[in-house]
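Here's the structure we're looking at; comments come further down.
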Amino acid sequence: MTRIEQHKIIETLRDYLHKMSGEDLDDFEMMRKRDRDDEDLDEFSRRRLTELYVKYVPERLRR
């Protein structure tokens with residue numbers, strides 16, 4: 001996953017914050033802060049970001 005893809009996924013997930021709760025929301029906030037600070041995510045965080053994307057973004061809206 002490139003830096004641009006990472007940023008696009010995070011921006012897309014921002015629209016689904018109202019559906020997140022608990023650990024999902026905490027993980028997303030941590031990833032969003034790291035993205036804002038221009039940090040690359042490690043392998044675990046990238047995998048978790050992808051899981052959140054699949055879980056919350058409807059399939060018809062995924063590219």
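Ligands are numbered from 1 in the order shown, residues from 1 within each chain, and chains are lettered A, B, ... in the order they appear in the structure tokens.
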
Write out as a CSV table (one decimal) with all heavy atoms, in the first residue's frame each polymer residue whose atoms come within 7 Å of range 6-10 of chain A, counting only C-alpha atoms; drop sequence neighbours fewer than 6 positions from it.
chain,number,residue,atom,x,y,z
A,32,ARG,N,-5.2,7.8,11.9
A,32,ARG,CA,-5.4,9.1,11.3
A,32,ARG,C,-4.4,10.1,11.8
A,32,ARG,O,-3.9,11.0,11.0
A,32,ARG,CB,-6.8,9.6,11.7
A,32,ARG,CG,-7.3,10.8,10.9
A,32,ARG,CD,-8.7,11.0,11.1
A,32,ARG,NE,-8.9,11.9,12.2
A,32,ARG,CZ,-10.0,12.4,12.6
A,32,ARG,NH1,-11.1,12.1,12.0
A,32,ARG,NH2,-10.1,13.2,13.6
A,35,ASP,N,-1.2,9.4,10.0
A,35,ASP,CA,-1.3,9.9,8.6
A,35,ASP,C,-1.1,11.4,8.5
A,35,ASP,O,-0.4,12.0,7.7
A,35,ASP,CB,-2.6,9.5,8.0
A,35,ASP,CG,-2.8,9.9,6.5
A,35,ASP,OD1,-2.0,9.4,5.7
A,35,ASP,OD2,-3.7,10.7,6.2
A,53,TYR,N,-11.5,-0.8,6.4
A,53,TYR,CA,-12.1,-0.4,5.2
A,53,TYR,C,-13.1,-1.4,4.7
A,53,TYR,O,-14.2,-1.0,4.3
A,53,TYR,CB,-10.9,-0.2,4.2
A,53,TYR,CG,-11.3,0.3,2.8
A,53,TYR,CD1,-11.7,1.7,2.7
A,53,TYR,CD2,-11.3,-0.4,1.7
A,53,TYR,CE1,-12.1,2.2,1.5
A,53,TYR,CE2,-11.6,0.1,0.5
A,53,TYR,CZ,-12.0,1.4,0.4
A,53,TYR,OH,-12.4,1.9,-0.8

Once you count only C-alpha atoms, what closest atom pair and distance in Å to one decimal does each residue of range 29-48 of chain A within 12 Å of range 14-25 of chain A have, with rows by chain and rising residue number, as a Markdown table?
| residue | atom | partner | partner_atom | distance |
| --- | --- | --- | --- | --- |
| A:Glu29 | CA | A:Leu25 | CA | 6.1 |
| A:Met30 | CA | A:Leu25 | CA | 8.6 |
| A:Met31 | CA | A:Leu25 | CA | 9.9 |
| A:Arg32 | CA | A:Arg14 | CA | 9.0 |
| A:Ser45 | CA | A:Asp24 | CA | 11.8 |
| A:Arg48 | CA | A:Asp24 | CA | 9.1 |

Output as a PyMOL selection string all residues of chain A that backbone DSSP marks as alpha helix (DSSP H). chain A and resi 3-13+23-36+43-56

Between CA of Leu52 in chain A and CA of Asp27 in chain A, what distance in Å does the model show, to one decimal?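 Taking CA of Leu52 in chain A and CA of Asp27 in chain A, their separation equals 9.2 Å.
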
Residue contacts of Arg62 in chain A (12 Å, only C-alpha atoms) excluding same-chain residues fewer than 4 positions away, as a ChimeraX atom specification: /A:8-9,12-13,50,53-58

Between CA of Arg60 in chain A and CA of Thr2 in chain A, what is the spacing in Å?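 According to the coordinates, CA of Thr2 in chain A and CA of Arg60 in chain A are separated by 22.5 Å.
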